[in-house]
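Source file: work_22.txt; contents: compact mmCIF, C-alpha atoms and all ligand atoms.
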# COMPACT_ATOMS: atom_id res chain seq x y z
CA MET A 1 -133.77 -82.85 16.56
CA ILE A 2 -131.82 -80.48 14.34
CA VAL A 3 -132.07 -80.70 10.55
CA LEU A 4 -129.48 -78.66 8.68
CA GLY A 5 -130.26 -77.86 5.04
CA LEU A 6 -127.49 -76.88 2.62
CA GLN A 7 -128.93 -75.01 -0.34
CA GLY A 8 -126.47 -75.28 -3.23
CA SER A 9 -128.14 -73.24 -5.96
CA PRO A 10 -127.16 -69.63 -6.61
CA ARG A 11 -130.63 -69.08 -8.12
CA GLU A 12 -132.93 -67.38 -5.62
CA ASN A 13 -136.31 -69.11 -5.42
CA GLY A 14 -135.36 -71.65 -8.06
CA ASN A 15 -136.00 -75.37 -8.20
CA THR A 16 -133.51 -76.47 -5.53
CA ASN A 17 -134.75 -73.85 -3.15
CA PHE A 18 -138.32 -75.08 -3.60
CA LEU A 19 -137.36 -78.73 -3.09
CA LEU A 20 -135.28 -78.09 0.02
CA SER A 21 -137.87 -75.73 1.52
CA GLU A 22 -140.60 -78.35 1.13
CA PHE A 23 -138.34 -80.96 2.71
CA LEU A 24 -137.58 -78.72 5.68
CA LYS A 25 -141.28 -77.87 6.08
CA GLU A 26 -142.04 -81.59 6.40
CA ALA A 27 -139.20 -81.94 8.90
CA GLU A 28 -140.68 -79.13 10.99
CA LYS A 29 -144.09 -80.80 10.92
CA LEU A 30 -142.39 -83.87 12.40
CA GLY A 31 -140.93 -81.79 15.24
CA ALA A 32 -137.49 -80.82 13.90
CA GLU A 33 -135.74 -77.53 14.41
CA THR A 34 -134.48 -76.60 10.94
CA ARG A 35 -131.56 -74.45 9.88
CA ILE A 36 -130.51 -73.48 6.39
CA LEU A 37 -127.22 -72.39 4.85
CA LYS A 38 -127.34 -70.88 1.37
CA ALA A 39 -124.04 -71.77 -0.25
CA ALA A 40 -124.03 -68.78 -2.58
CA LYS A 41 -124.24 -66.36 0.36
CA LEU A 42 -121.51 -67.89 2.49
CA LYS A 43 -118.33 -65.89 2.74
CA ILE A 44 -115.88 -68.77 3.00
CA SER A 45 -112.55 -69.39 1.32
CA PRO A 46 -112.12 -72.40 -0.92
CA CYS A 47 -109.76 -75.09 0.34
CA ILE A 48 -106.17 -74.43 -0.75
CA GLY A 49 -104.94 -77.95 -0.04
CA CYS A 50 -102.27 -76.66 2.36
CA GLY A 51 -102.47 -79.79 4.55
CA THR A 52 -102.75 -77.82 7.81
CA CYS A 53 -105.90 -79.69 8.85
CA GLU A 54 -104.27 -83.06 8.20
CA LYS A 55 -101.55 -82.21 10.70
CA THR A 56 -103.45 -80.18 13.29
CA GLY A 57 -107.13 -81.05 12.76
CA PHE A 58 -107.90 -77.36 12.20
CA CYS A 59 -108.40 -75.46 8.95
CA PHE A 60 -105.83 -72.83 8.05
CA PHE A 61 -108.69 -70.35 7.47
CA ASN A 62 -110.33 -68.94 10.56
CA ASP A 63 -113.45 -67.77 8.73
CA ALA A 64 -117.18 -68.45 9.17
CA MET A 65 -116.68 -72.11 8.19
CA SER A 66 -114.40 -72.63 11.17
CA LYS A 67 -116.34 -70.46 13.58
CA GLU A 68 -119.96 -71.21 12.68
CA PHE A 69 -120.42 -73.95 10.10
CA TYR A 70 -118.28 -76.76 11.55
CA PRO A 71 -120.19 -76.33 14.84
CA MET A 72 -123.51 -76.44 12.92
CA LEU A 73 -122.50 -79.63 11.10
CA ARG A 74 -121.51 -81.19 14.42
CA GLU A 75 -124.75 -80.21 16.13
CA ALA A 76 -127.04 -81.48 13.36
CA ASP A 77 -128.86 -84.80 13.61
CA ILE A 78 -129.69 -84.73 9.91
CA ILE A 79 -127.86 -82.96 7.08
CA VAL A 80 -129.78 -82.42 3.84
CA ALA A 81 -127.58 -81.28 0.94
CA ALA A 82 -129.52 -79.89 -2.03
CA THR A 83 -128.07 -78.89 -5.39
CA PRO A 84 -128.94 -78.48 -9.06
CA ILE A 85 -126.67 -80.39 -11.41
CA PHE A 86 -124.03 -78.13 -12.90
CA PHE A 87 -121.83 -80.09 -15.32
CA TYR A 88 -122.74 -83.43 -13.75
CA ASN A 89 -121.96 -82.37 -10.22
CA THR A 90 -122.80 -79.91 -7.48
CA THR A 91 -122.57 -76.15 -7.96
CA ALA A 92 -119.20 -74.52 -7.33
CA GLN A 93 -120.65 -72.68 -4.33
CA LEU A 94 -121.67 -75.88 -2.56
CA LYS A 95 -118.44 -77.58 -3.61
CA ILE A 96 -116.46 -74.94 -1.71
CA PHE A 97 -118.39 -75.85 1.44
CA ILE A 98 -117.93 -79.57 0.77
CA ASP A 99 -114.18 -79.22 0.21
CA ARG A 100 -113.83 -77.36 3.49
CA SER A 101 -115.24 -80.40 5.29
CA GLN A 102 -111.75 -81.82 4.73
CA ALA A 103 -110.91 -80.49 8.22
CA LEU A 104 -113.58 -82.77 9.69
CA TRP A 105 -112.32 -85.62 7.48
CA SER A 106 -108.85 -85.03 8.94
CA ARG A 107 -110.09 -85.09 12.51
CA LYS A 108 -111.80 -88.41 11.78
CA TYR A 109 -109.20 -90.17 9.64
CA ARG A 110 -105.88 -88.55 10.51
CA LEU A 111 -106.42 -87.75 14.19
CA LYS A 112 -108.71 -90.78 14.67
CA LEU A 113 -111.21 -88.76 16.70
CA VAL A 114 -114.86 -89.73 16.89
CA ASP A 115 -117.62 -87.18 16.63
CA PRO A 116 -120.14 -87.99 19.43
CA GLY A 117 -122.99 -87.56 16.91
CA SER A 118 -121.49 -89.97 14.40
CA LYS A 119 -123.53 -93.04 15.30
CA THR A 120 -126.87 -91.35 14.77
CA ARG A 121 -126.39 -88.50 12.28
CA ARG A 122 -127.97 -89.07 8.87
CA GLY A 123 -127.26 -87.47 5.50
CA PHE A 124 -129.69 -87.07 2.63
CA PHE A 125 -129.35 -85.36 -0.73
CA LEU A 126 -131.74 -83.65 -3.07
CA SER A 127 -130.82 -82.94 -6.64
CA LEU A 128 -132.28 -82.03 -10.00
CA GLY A 129 -131.09 -81.31 -13.53
CA ALA A 130 -132.41 -80.21 -16.90
CA THR A 131 -131.63 -83.28 -18.96
CA LYS A 132 -132.82 -86.87 -18.79
CA GLY A 133 -129.62 -88.89 -19.13
CA LYS A 134 -129.18 -92.10 -17.20
CA ASN A 135 -125.88 -90.95 -15.67
CA LEU A 136 -127.08 -87.51 -14.62
CA PHE A 137 -126.65 -88.08 -10.88
CA GLU A 138 -123.57 -90.32 -10.91
CA GLY A 139 -121.08 -87.54 -10.17
CA ILE A 140 -123.10 -85.95 -7.37
CA SER A 141 -123.85 -89.37 -5.82
CA LEU A 142 -120.14 -90.01 -5.30
CA THR A 143 -119.50 -86.49 -4.03
CA ALA A 144 -122.43 -86.81 -1.59
CA LYS A 145 -121.22 -90.20 -0.37
CA TYR A 146 -117.77 -88.88 0.52
CA PHE A 147 -119.06 -85.61 1.93
CA PHE A 148 -121.49 -87.37 4.27
CA ASP A 149 -118.71 -89.68 5.39
CA ALA A 150 -116.39 -86.74 6.12
CA VAL A 151 -119.03 -85.09 8.29
CA SER A 152 -119.70 -88.39 10.10
CA SER A 153 -123.19 -89.05 8.86
CA ASP A 154 -124.81 -92.13 7.45
CA PHE A 155 -125.76 -91.58 3.80
CA SER A 156 -129.43 -92.41 4.11
CA GLY A 157 -130.90 -91.71 0.69
CA SER A 158 -131.73 -89.16 -1.96
CA LEU A 159 -134.44 -87.69 -4.12
CA THR A 160 -133.40 -86.78 -7.66
CA TYR A 161 -135.37 -85.30 -10.53
CA ARG A 162 -134.63 -85.13 -14.26
CA ARG A 163 -136.03 -82.62 -16.80
CA ILE A 164 -136.20 -79.79 -14.28
CA GLU A 165 -134.85 -76.70 -15.98
CA ASN A 166 -136.73 -73.45 -15.64
CA LYS A 167 -137.79 -71.76 -12.45
CA GLY A 168 -141.08 -73.29 -11.34
CA ASP A 169 -140.50 -76.71 -13.00
CA MET A 170 -139.89 -78.45 -9.66
CA LYS A 171 -143.05 -77.03 -8.18
CA LYS A 172 -145.08 -78.43 -11.10
CA HIS A 173 -143.68 -81.96 -10.69
CA PRO A 174 -146.65 -84.30 -10.08
CA THR A 175 -145.16 -86.44 -7.28
CA VAL A 176 -142.69 -84.11 -5.56
CA LEU A 177 -144.77 -83.28 -2.49
CA ASP A 178 -145.66 -86.91 -1.84
CA ASP A 179 -142.04 -87.97 -2.38
CA VAL A 180 -140.79 -85.37 0.09
CA LYS A 181 -143.36 -86.32 2.71
CA LYS A 182 -142.50 -90.00 2.44
CA GLU A 183 -138.72 -89.54 2.50
CA ALA A 184 -138.70 -86.94 5.28
CA GLY A 185 -140.84 -89.27 7.41
CA ARG A 186 -138.57 -92.23 6.75
CA LEU A 187 -135.42 -90.20 7.42
CA MET A 188 -136.66 -88.82 10.70
CA SER A 189 -138.39 -91.88 12.12
CA PRO A 190 -135.35 -93.00 14.21
CA PHE A 191 -135.30 -89.60 15.91
CA THR A 192 -138.91 -89.30 16.93
CA GLY A 193 -139.86 -90.60 20.36
CA ARG A 194 -136.39 -90.16 21.87
CA LYS A 195 -136.29 -89.08 25.53
CA LYS A 196 -135.24 -85.47 25.68
CA ILE A 197 -132.73 -84.89 28.46
CA LEU A 198 -131.21 -81.64 29.64
CA PHE A 199 -127.83 -81.97 31.36
CA ALA A 200 -127.09 -78.87 33.39
CA CYS A 201 -124.20 -77.52 35.42
CA THR A 202 -122.88 -74.09 36.28
CA GLN A 203 -120.69 -73.13 33.32
CA ASN A 204 -121.59 -75.77 30.70
CA ALA A 205 -117.86 -75.97 30.12
CA CYS A 206 -117.12 -79.49 31.45
CA ARG A 207 -119.56 -81.74 33.28
CA SER A 208 -122.80 -81.17 31.38
CA GLN A 209 -120.89 -81.15 28.07
CA ILE A 210 -119.28 -84.50 28.93
CA ALA A 211 -122.63 -85.98 29.98
CA ALA A 212 -124.41 -84.80 26.82
CA ALA A 213 -121.59 -86.11 24.60
CA PHE A 214 -121.58 -89.56 26.23
CA ALA A 215 -125.39 -89.71 26.09
CA ARG A 216 -125.35 -88.79 22.41
CA TYR A 217 -122.56 -91.23 21.60
CA ILE A 218 -123.80 -94.18 23.65
CA ALA A 219 -127.54 -93.78 23.16
CA GLY A 220 -128.25 -91.16 20.50
CA ASP A 221 -130.99 -93.45 19.20
CA LYS A 222 -132.81 -93.30 22.55
CA ILE A 223 -131.80 -89.93 23.93
CA GLU A 224 -131.87 -86.41 22.56
CA ALA A 225 -129.29 -84.76 24.79
CA VAL A 226 -128.93 -81.03 25.28
CA SER A 227 -126.77 -79.23 27.80
CA GLY A 228 -126.65 -75.83 29.40
CA GLY A 229 -125.28 -73.85 32.30
CA SER A 230 -126.75 -71.46 34.86
CA LYS A 231 -123.76 -69.12 34.27
CA PRO A 232 -122.28 -70.24 30.93
CA ALA A 233 -118.54 -69.75 30.44
CA GLU A 234 -117.11 -68.17 27.32
CA LYS A 235 -115.66 -71.41 26.02
CA VAL A 236 -115.45 -75.06 26.96
CA ASN A 237 -112.61 -76.15 29.24
CA PRO A 238 -109.56 -77.28 27.19
CA VAL A 239 -108.65 -79.86 29.85
CA MET A 240 -112.08 -81.41 29.37
CA VAL A 241 -111.49 -81.53 25.60
CA LYS A 242 -108.15 -83.25 26.24
CA VAL A 243 -109.49 -85.96 28.56
CA MET A 244 -112.37 -86.69 26.19
CA GLN A 245 -109.84 -87.02 23.35
CA GLU A 246 -108.11 -89.67 25.45
CA LYS A 247 -111.37 -91.63 25.13
CA GLY A 248 -111.34 -90.92 21.38
CA LEU A 249 -114.27 -88.49 21.55
CA ASP A 250 -113.97 -85.17 19.77
CA MET A 251 -115.37 -82.23 21.76
CA GLU A 252 -114.08 -79.54 19.41
CA TYR A 253 -116.60 -76.99 18.05
CA LEU A 254 -118.77 -77.07 21.17
CA SER A 255 -119.51 -73.91 23.07
CA PRO A 256 -121.27 -73.25 26.38
CA LYS A 257 -124.91 -72.23 26.33
CA SER A 258 -127.30 -70.98 28.96
CA ILE A 259 -129.99 -73.37 30.20
CA ASP A 260 -132.62 -71.12 28.60
CA THR A 261 -130.93 -71.36 25.20
CA ALA A 262 -130.50 -75.12 25.54
CA ILE A 263 -134.22 -75.66 26.09
CA GLU A 264 -135.51 -72.93 23.81
CA LYS A 265 -136.42 -75.42 21.07
CA VAL A 266 -136.35 -78.68 23.07
CA SER A 267 -138.80 -79.33 25.90
CA PRO A 268 -136.93 -81.81 28.09
CA ASP A 269 -138.63 -84.83 29.65
CA ILE A 270 -135.90 -85.03 32.29
CA SER A 271 -133.33 -82.59 33.62
CA ILE A 272 -130.15 -83.86 35.25
CA THR A 273 -128.03 -81.48 37.26
CA MET A 274 -124.49 -82.25 38.32
CA GLY A 275 -124.91 -81.28 41.96
CA CYS A 276 -123.50 -77.76 41.72
CA GLU A 277 -123.30 -75.52 44.77
CA GLN A 278 -125.41 -73.03 42.95
CA LYS A 279 -128.64 -74.93 42.40
CA CYS A 280 -129.95 -75.10 38.87
CA PRO A 281 -133.49 -73.81 38.56
CA ASN A 282 -136.39 -76.29 38.48
CA ILE A 283 -138.14 -76.40 35.16
CA SER A 284 -141.86 -76.72 35.71
CA GLY A 285 -143.28 -80.08 34.67
CA VAL A 286 -139.83 -81.61 34.17
CA LYS A 287 -138.58 -84.50 36.31
CA LYS A 288 -135.27 -83.50 37.91
CA TYR A 289 -132.42 -85.80 38.93
CA GLU A 290 -129.35 -84.63 40.78
CA TRP A 291 -125.98 -86.32 40.27
CA ASP A 292 -123.17 -85.65 42.69
CA ILE A 293 -120.26 -84.76 40.39
CA PRO A 294 -117.64 -82.36 41.82
CA ASP A 295 -116.80 -79.27 39.81
CA PRO A 296 -113.53 -79.84 37.89
CA ALA A 297 -113.02 -76.16 36.93
CA GLY A 298 -109.40 -75.22 37.65
CA GLU A 299 -108.53 -78.74 38.82
CA SER A 300 -105.81 -81.07 37.52
CA LEU A 301 -105.83 -83.37 34.51
CA HIS A 302 -106.09 -86.33 36.87
CA PHE A 303 -109.15 -84.81 38.57
CA MET A 304 -110.78 -84.17 35.19
CA ARG A 305 -110.18 -87.79 34.16
CA ASN A 306 -111.97 -88.99 37.29
CA ILE A 307 -114.89 -86.68 36.58
CA ARG A 308 -115.08 -87.96 33.00
CA ASP A 309 -115.17 -91.57 34.21
CA MET A 310 -117.77 -90.83 36.89
CA ILE A 311 -120.00 -89.17 34.32
CA GLU A 312 -119.56 -91.99 31.82
CA LYS A 313 -120.66 -94.52 34.46
CA SER A 314 -123.66 -92.38 35.39
CA VAL A 315 -124.69 -92.06 31.75
CA LEU A 316 -124.39 -95.83 31.22
CA LYS A 317 -126.56 -96.42 34.29
CA LEU A 318 -129.10 -93.89 33.05
CA VAL A 319 -129.22 -95.53 29.62
CA ASN A 320 -129.78 -98.96 31.19
CA GLU A 321 -132.57 -97.57 33.34
CA LEU A 322 -134.25 -96.01 30.34
C1 LIG A 401 -123.66 -73.69 -15.28
C2 LIG A 401 -124.79 -74.67 -15.44
C3 LIG A 401 -124.49 -75.99 -15.69
C4 LIG A 401 -125.52 -76.92 -15.84
N1 LIG A 401 -125.19 -78.22 -16.07
C5 LIG A 401 -126.17 -79.13 -16.24
C6 LIG A 401 -125.86 -80.50 -16.50
O1 LIG A 401 -124.70 -80.90 -16.58
N2 LIG A 401 -126.88 -81.36 -16.67
C7 LIG A 401 -128.19 -80.98 -16.55
O2 LIG A 401 -129.08 -81.80 -16.71
N3 LIG A 401 -128.52 -79.69 -16.29
C8 LIG A 401 -127.55 -78.76 -16.12
N4 LIG A 401 -127.87 -77.46 -15.85
C9 LIG A 401 -129.29 -77.07 -15.65
C10 LIG A 401 -129.72 -76.95 -14.19
O3 LIG A 401 -129.39 -78.11 -13.47
C11 LIG A 401 -131.24 -76.73 -14.13
O4 LIG A 401 -131.59 -75.56 -14.81
C12 LIG A 401 -131.80 -76.65 -12.74
O5 LIG A 401 -133.20 -76.72 -12.77
C13 LIG A 401 -131.42 -75.36 -11.99
O6 LIG A 401 -131.88 -75.46 -10.67
P1 LIG A 401 -132.12 -74.16 -9.71
O7 LIG A 401 -133.36 -73.49 -10.19
O8 LIG A 401 -132.25 -74.71 -8.37
O9 LIG A 401 -130.89 -73.32 -9.86
C14 LIG A 401 -126.86 -76.50 -15.71
C15 LIG A 401 -127.16 -75.15 -15.46
C16 LIG A 401 -126.13 -74.24 -15.33
C17 LIG A 401 -126.48 -72.80 -15.06

Please render this file's structure as structure tokens.
Ligand SMILES: Cc1cc2nc3c(=O)[nH]c(=O)nc-3n(C[C@H](O)[C@H](O)[C@H](O)COP(=O)(O)O)c2cc1C
Amino acid sequence: MIVLGLQGSPRENGNTNFLLSEFLKEAEKLGAETRILKAAKLKISPCIGCGTCEKTGFCFFNDAMSKEFYPMLREADIIVAATPIFFYNTTAQLKIFIDRSQALWSRKYRLKLVDPGSKTRRGFFLSLGATKGKNLFEGISLTAKYFFDAVSSDFSGSLTYRRIENKGDMKKHPTVLDDVKKEAGRLMSPFTGRKKILFACTQNACRSQIAAAFARYIAGDKIEAVSGGSKPAEKVNPVMVKVMQEKGLDMEYLSPKSIDTAIEKVSPDISITMGCEQKCPNISGVKKYEWDIPDPAGESLHFMRNIRDMIEKSVLKLVNEL
């Protein structure tokens, strides 16, 4: 279970940083792997509204947002956006990140592609401001709602605090730690107890990626799917991406991993190999199933479609058996 925290304040060790850190600590206690992006440190260009993503699905800028942060958003099960109120909204630094999610909005609404994590991913926001006005969080609530929709996550709640101004104010708040514990537990409850399944093949460029994507899409509430390869390729197979797009599923921003990397933070209950010539290693204590799926590397589009359909059927059968 991956929880991605977006820290919107430029103030080091300020109130937002405290609130998000406590939230992520709770998430870790509940078994999550946490990652954090500090908006003020990200070297990304603001959106220029050029419309490239609306036509192609890709941002005009090939910077860290395109190379690292879209993949991180896609991989996350939970996205927690945290920001102080600056003029009734998020900070400019976080807003740059949010605006760049327009490329993911375009893939969803213009290209009509479905992110395999979209049915299970949840979004949560944390915010605080110095004043006590009734409307203090109205602006950020709307921004958060549309951001979470763009990154295909269900907007699942928020924690907001008024009269938090100077460094240390958040820490002194009488209920903050209880609030965080309660909300983190509620947010993560659908993800705990899922069966952890490793899908493995040789290159992690086609078969195991397809299997993990179908498992996540069809049964993300029951299965935590990871995938890896015994000899990972440099990038996923573009023919695989194409045939999955034919099913409406968006495989962009995925990259092959080794089996070791795939299970570094997730101890699988089951490992499923695709029946490669080169046998995947046994993982001690893990039940292993072997599917018989031919290797589509270098084969035709038609062949890849058959592989996709075979894997989809196998995943459906697996889900029914679970
Ligand atoms: C540029 C700027 C704009 C701000 N705008 C607001 C505002 O509109 N309403 C409010 O209640 N507080 C506002 N504040 C106060 C911050 O939200 C508050 O100090 C907060 O605790 C800072 O959080 P941090 O320590 O995480 O940076 C503003 C602060 C700055 C620096």

Cut-off 10 Å: closest chain A/ligand LIG 401 (chain A) atom pairs per residue, using all atoms listed in the file, as a tab-separated table:
residue	atom	partner	partner_atom	distance
A:Gln7	CA	A:LIG401	O8	8.7
A:Gly8	CA	A:LIG401	O8	7.8
A:Ser9	CA	A:LIG401	O9	4.8
A:Pro10	CA	A:LIG401	O9	6.2
A:Arg11	CA	A:LIG401	O9	4.6
A:Glu12	CA	A:LIG401	O9	7.6
A:Asn13	CA	A:LIG401	O7	7.1
A:Gly14	CA	A:LIG401	O7	3.5
A:Asn15	CA	A:LIG401	O7	3.8
A:Thr16	CA	A:LIG401	O8	3.6
A:Asn17	CA	A:LIG401	O8	5.9
A:Phe18	CA	A:LIG401	O8	7.7
A:Leu19	CA	A:LIG401	O8	8.4
A:Leu20	CA	A:LIG401	O8	9.5
A:Ala82	CA	A:LIG401	O8	8.6
A:Thr83	CA	A:LIG401	O8	6.6
A:Pro84	CA	A:LIG401	O3	4.4
A:Ile85	CA	A:LIG401	O3	4.1
A:Phe86	CA	A:LIG401	N1	3.4
A:Phe87	CA	A:LIG401	O1	3.2
A:Tyr88	CA	A:LIG401	O1	4.3
A:Asn89	CA	A:LIG401	O1	7.1
A:Thr90	CA	A:LIG401	N1	9.1
A:Thr91	CA	A:LIG401	C1	7.8
A:Ala92	CA	A:LIG401	C1	9.2
A:Ser127	CA	A:LIG401	O3	8.5
A:Leu128	CA	A:LIG401	O3	6.0
A:Gly129	CA	A:LIG401	O3	3.6
A:Ala130	CA	A:LIG401	O2	3.7
A:Thr131	CA	A:LIG401	O2	3.7
A:Lys132	CA	A:LIG401	O2	6.6
A:Gly133	CA	A:LIG401	O2	7.5
A:Asn135	CA	A:LIG401	N2	9.7
A:Leu136	CA	A:LIG401	O2	6.4
A:Phe137	CA	A:LIG401	N2	8.9
A:Gly139	CA	A:LIG401	O1	9.9
A:Tyr161	CA	A:LIG401	O5	9.1
A:Arg162	CA	A:LIG401	O2	6.9
A:Arg163	CA	A:LIG401	O2	7.0
A:Ile164	CA	A:LIG401	O5	4.6
A:Glu165	CA	A:LIG401	O5	3.6
A:Asn166	CA	A:LIG401	O5	5.6
A:Lys167	CA	A:LIG401	O7	5.3
A:Gly168	CA	A:LIG401	O7	7.8
A:Asp169	CA	A:LIG401	O5	7.3
A:Met170	CA	A:LIG401	O5	7.6

Task: Shortest interatomic distance to Cys206 of chain A - which of A:Ile270, A:Glu299, A:Lys119, A:Tyr289, counting all atoms listed in the file - done: A:Glu299

- [ ] Rank A:Lys41, A:Lys55, A:Lys25, A:Lys247 by their smallest atom-to-atom distance to Ser106 of chain A, using all atoms listed in the file, and report the top residue only.
- [x] A:Lys55

Task: Close residues, Lys313 of chain A itself excluded, 10 Å, all atoms listed in the file, min 5 positions apart in chain, as a ChimeraX atom specification - done: /A:211,214,307-308,318-319

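The nearest approach to Lys95 of chain A among the residues A:Thr261, A:Ser156, A:Ala39, A:Val266, with all atoms listed in the file taken into account, belongs to A:Ala39.
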
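Atom CA of Ser271 of chain A lies 23.5 Å from atom CA of Tyr253 of chain A.
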
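For Pro116 of chain A, the set of protein, DNA and RNA residues having any atom at most 8 Å away, when counting all atoms listed in the file and skipping those fewer than 6 positions along the same chain, is Ala213, Phe214, Arg216, Tyr217, Leu249, Asp250 and Met251 of chain A.
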
Go ahead and dump the residues you just picked, C-alpha atoms, as a JSON list (two decimals), in the coordinates of the input.
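Wrote it out as selection_25.json, contents follow:
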[["chain", "number", "residue", "atom", "x", "y", "z"],
["A", 213, "ALA", "CA", -121.59, -86.11, 24.60],
["A", 214, "PHE", "CA", -121.58, -89.56, 26.23],
["A", 216, "ARG", "CA", -125.35, -88.79, 22.41],
["A", 217, "TYR", "CA", -122.56, -91.23, 21.60],
["A", 249, "LEU", "CA", -114.27, -88.49, 21.55],
["A", 250, "ASP", "CA", -113.97, -85.17, 19.77],
["A", 251, "MET", "CA", -115.37, -82.23, 21.76]]

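Of the listed residues A:Ala150, A:Ile44, A:Ile311, A:Ala144, the one whose atoms come nearest to Ala81 of chain A is A:Ala144, with distances taken using only C-alpha atoms.
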
- [ ] Find the residues near Pro256 of chain A: any atom within 7 Å, counting all atoms listed in the file, skip ones fewer than 3 places away on the same chain, and give them as JSON, numbers by chain.
- [x] {"A": [203, 204, 205, 228, 232, 233, 234, 235, 236]}

Print the selection's residues with C-alpha atoms to a file, as a PDB file, keeping the file's coordinate frame.
ATOM      1  CA  GLN A 203    -120.690 -73.130  33.320  1.00  0.00           C
ATOM      2  CA  ASN A 204    -121.590 -75.770  30.700  1.00  0.00           C
ATOM      3  CA  ALA A 205    -117.860 -75.970  30.120  1.00  0.00           C
ATOM      4  CA  GLY A 228    -126.650 -75.830  29.400  1.00  0.00           C
ATOM      5  CA  PRO A 232    -122.280 -70.240  30.930  1.00  0.00           C
ATOM      6  CA  ALA A 233    -118.540 -69.750  30.440  1.00  0.00           C
ATOM      7  CA  GLU A 234    -117.110 -68.170  27.320  1.00  0.00           C
ATOM      8  CA  LYS A 235    -115.660 -71.410  26.020  1.00  0.00           C
ATOM      9  CA  VAL A 236    -115.450 -75.060  26.960  1.00  0.00           C
TER      10      VAL A 236
END
